[in-house]
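The structure appears right after this line, and notes come after that.
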Amino acid sequence: MTATKRAFRAESLLQKAQVAGAPEGAASRAQHQELMAEIASIKDLIRPVEDISDQMLSKFRKELGEAAKLKSELDSIYEAIAKTKHEIATLHSTTSADSRDMSRVTNELDAVVHGTEGATETILSSAEYIDETANTLSARLAGQDAELANDIQEKVLHIFEACNFQDLTGQRITKVINTLRFIEDRIIKMMDIWGGIESFQTIEPDTMPTREGDASLLNGPSLETDEGVASQDDIDALFA
């Protein structure tokens, strides 16, 4: 479809002038003035190239500044995400020498609870036996010997009272274990959000400080789930 060309009034006036010939008299001057007025109006409609260039340049600079700010914000977000992933990888990582991961920590605290429970039960059983024996001796003895048996029973009572620590300690350690397990679950879920453990393989986690001297020889008691470690029976057989 051919576009229709718009005819300006100035063009029609020029065409009329060409047909009529050279302008003469008042009619020609009026026609000339009308033509010049139309040309002036057309000039007013045409904006100077310099004004258009300045406005475009100002708009471009403004958009460029906003784009730079957006890039800076995106860089900050990217850096924060990278640091977060690095910290998560460090928390989740394990070292072949120490196995100091979150699961190991909770298992160690579980072992503390079970160990104190067993030791407390042994102490209470022994204290009950001492109390019963002191009670029997108190009935058979007289004088200062009976008083000594009573003193033994009083000290045994103090042992019973002191053993209440196990219950309070167990409750506090259990709270810590539950908190650590909650944190561990959140770490695993955050890793799943970023594509699972596979997406963290390229991240080099921080390692724990190297132990030196006697500290490097102290690995602590082993857990029941540990493999390849000497048991107490093996140690007793070594010194037998």
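Residue numbers start at 1 in each chain; chains themselves are named A, B, ... in the order of the structure tokens; ligands are numbered from 1 in the order shown.
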Can you check which parts of region 173-216 of chain A lie within 12 Å of region 113-131 of chain A? Per residue, the shortest pair of atoms and distance in Å to one decimal, counting only C-alpha atoms, sorted by chain and number, as a tab-separated table.
residue	atom	partner	partner_atom	distance
A:Ile173	CA	A:Val113	CA	7.2
A:Thr174	CA	A:Val113	CA	8.0
A:Lys175	CA	A:Val113	CA	11.6
A:Val176	CA	A:Val113	CA	11.4
A:Ile177	CA	A:Val113	CA	10.3
Taking the chain letters and numbering used in this document, name the residues of region 46-209 of chain A that DSSP puts in alpha helix (DSSP H), as an MDAnalysis selection string.
chainID A and resid 49:92 102:140 144:162 165:193
Writer output for current selection, C-alpha atoms, as a compact mmCIF listing (two decimals), in the first residue's frame:
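And here's again31.txt as it stands now:
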# COMPACT_ATOMS: atom_id res chain seq x y z
CA VAL A 49 19.32 18.86 16.21
CA GLU A 50 21.44 20.13 19.08
CA ASP A 51 18.45 20.18 21.46
CA ILE A 52 17.48 16.63 20.50
CA SER A 53 21.07 15.40 20.94
CA ASP A 54 21.41 17.04 24.37
CA GLN A 55 18.14 15.55 25.60
CA MET A 56 19.04 12.07 24.31
CA LEU A 57 22.51 12.30 25.86
CA SER A 58 21.07 13.43 29.21
CA LYS A 59 18.55 10.57 29.18
CA PHE A 60 21.26 8.08 28.22
CA ARG A 61 23.53 9.26 31.06
CA LYS A 62 20.68 8.95 33.55
CA GLU A 63 19.86 5.40 32.39
CA LEU A 64 23.56 4.51 32.43
CA GLY A 65 23.86 5.71 36.04
CA GLU A 66 20.85 3.65 37.07
CA ALA A 67 22.31 0.61 35.29
CA ALA A 68 25.61 1.09 37.15
CA LYS A 69 23.78 1.23 40.49
CA LEU A 70 21.83 -1.91 39.59
CA LYS A 71 25.05 -3.70 38.63
CA SER A 72 26.63 -2.69 41.93
CA GLU A 73 23.67 -4.07 43.86
CA LEU A 74 23.74 -7.31 41.84
CA ASP A 75 27.47 -7.65 42.50
CA SER A 76 26.85 -7.24 46.24
CA ILE A 77 24.10 -9.86 46.15
CA TYR A 78 26.32 -12.25 44.19
CA GLU A 79 29.19 -11.75 46.64
CA ALA A 80 26.88 -12.34 49.63
CA ILE A 81 25.52 -15.54 48.06
CA ALA A 82 29.05 -16.75 47.29
CA LYS A 83 30.16 -16.11 50.89
CA THR A 84 27.05 -17.84 52.23
CA LYS A 85 27.67 -20.90 50.06
CA HIS A 86 31.31 -20.96 51.21
CA GLU A 87 30.28 -20.85 54.88
CA ILE A 88 27.67 -23.58 54.32
CA ALA A 89 30.25 -25.73 52.56
CA THR A 90 32.63 -25.22 55.48
CA LEU A 91 29.98 -26.21 58.02
CA HIS A 92 29.00 -29.27 56.06
CA MET A 102 27.92 -31.48 62.66
CA SER A 103 26.87 -35.11 62.99
CA ARG A 104 30.07 -35.90 64.83
CA VAL A 105 29.44 -33.08 67.30
CA THR A 106 25.91 -34.24 68.09
CA ASN A 107 27.10 -37.84 68.42
CA GLU A 108 29.82 -36.72 70.83
CA LEU A 109 27.24 -34.91 72.98
CA ASP A 110 25.00 -37.98 72.89
CA ALA A 111 27.95 -40.01 74.11
CA VAL A 112 28.48 -37.50 76.94
CA VAL A 113 24.86 -37.94 78.06
CA HIS A 114 25.03 -41.73 77.93
CA GLY A 115 28.45 -41.76 79.62
CA THR A 116 27.30 -39.60 82.53
CA GLU A 117 24.15 -41.71 82.89
CA GLY A 118 26.22 -44.89 83.17
CA ALA A 119 28.73 -43.36 85.58
CA THR A 120 25.94 -41.90 87.74
CA GLU A 121 24.18 -45.24 87.94
CA THR A 122 27.43 -46.88 89.03
CA ILE A 123 28.02 -44.20 91.66
CA LEU A 124 24.47 -44.50 93.00
CA SER A 125 24.68 -48.30 93.13
CA SER A 126 27.96 -48.14 95.04
CA ALA A 127 26.61 -45.43 97.35
CA GLU A 128 23.50 -47.51 98.09
CA TYR A 129 25.70 -50.50 98.97
CA ILE A 130 27.85 -48.31 101.26
CA ASP A 131 24.72 -46.89 102.89
CA GLU A 132 23.28 -50.33 103.54
CA THR A 133 26.60 -51.60 104.91
CA ALA A 134 27.00 -48.54 107.15
CA ASN A 135 23.46 -49.05 108.43
CA THR A 136 24.24 -52.67 109.28
CA LEU A 137 27.45 -51.70 111.05
CA SER A 138 25.67 -48.95 112.96
CA ALA A 139 23.26 -51.51 114.38
CA ARG A 140 26.11 -53.80 115.48
CA GLN A 144 32.30 -43.91 118.68
CA ASP A 145 32.23 -46.75 116.15
CA ALA A 146 28.45 -46.34 115.74
CA GLU A 147 28.94 -42.59 115.32
CA LEU A 148 31.50 -43.26 112.55
CA ALA A 149 28.95 -45.46 110.77
CA ASN A 150 26.41 -42.66 111.03
CA ASP A 151 28.95 -40.22 109.58
CA ILE A 152 29.42 -42.59 106.64
CA GLN A 153 25.68 -42.64 106.05
CA GLU A 154 25.58 -38.83 106.12
CA LYS A 155 28.33 -38.58 103.49
CA VAL A 156 26.52 -41.14 101.36
CA LEU A 157 23.47 -38.89 101.50
CA HIS A 158 25.60 -36.05 100.13
CA ILE A 159 26.65 -38.33 97.27
CA PHE A 160 22.99 -38.99 96.45
CA GLU A 161 22.27 -35.27 96.38
CA ALA A 162 25.30 -34.49 94.21
CA PHE A 165 23.76 -33.09 88.47
CA GLN A 166 23.37 -35.84 85.88
CA ASP A 167 19.70 -35.11 85.30
CA LEU A 168 20.24 -31.35 84.94
CA THR A 169 23.32 -31.81 82.75
CA GLY A 170 21.48 -34.28 80.55
CA GLN A 171 18.60 -31.84 80.01
CA ARG A 172 20.94 -28.99 79.06
CA ILE A 173 23.01 -31.12 76.70
CA THR A 174 19.83 -32.45 75.09
CA LYS A 175 18.76 -28.86 74.35
CA VAL A 176 22.13 -28.20 72.72
CA ILE A 177 21.85 -31.40 70.67
CA ASN A 178 18.38 -30.48 69.44
CA THR A 179 19.60 -27.01 68.45
CA LEU A 180 22.58 -28.42 66.55
CA ARG A 181 20.39 -30.92 64.73
CA PHE A 182 17.97 -28.13 63.80
CA ILE A 183 20.88 -26.11 62.39
CA GLU A 184 22.14 -29.16 60.50
CA ASP A 185 18.70 -29.71 58.92
CA ARG A 186 18.54 -26.06 57.88
CA ILE A 187 21.99 -26.29 56.28
CA ILE A 188 20.98 -29.37 54.30
CA LYS A 189 17.78 -27.65 53.10
CA MET A 190 19.75 -24.55 52.05
CA MET A 191 22.12 -26.76 50.09
CA ASP A 192 19.15 -28.44 48.41
CA ILE A 193 17.87 -25.00 47.37
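The gap separating CA of Trp194 (chain A) from CA of Asp206 (chain A) is 19.4 Å, in Å to one decimal.
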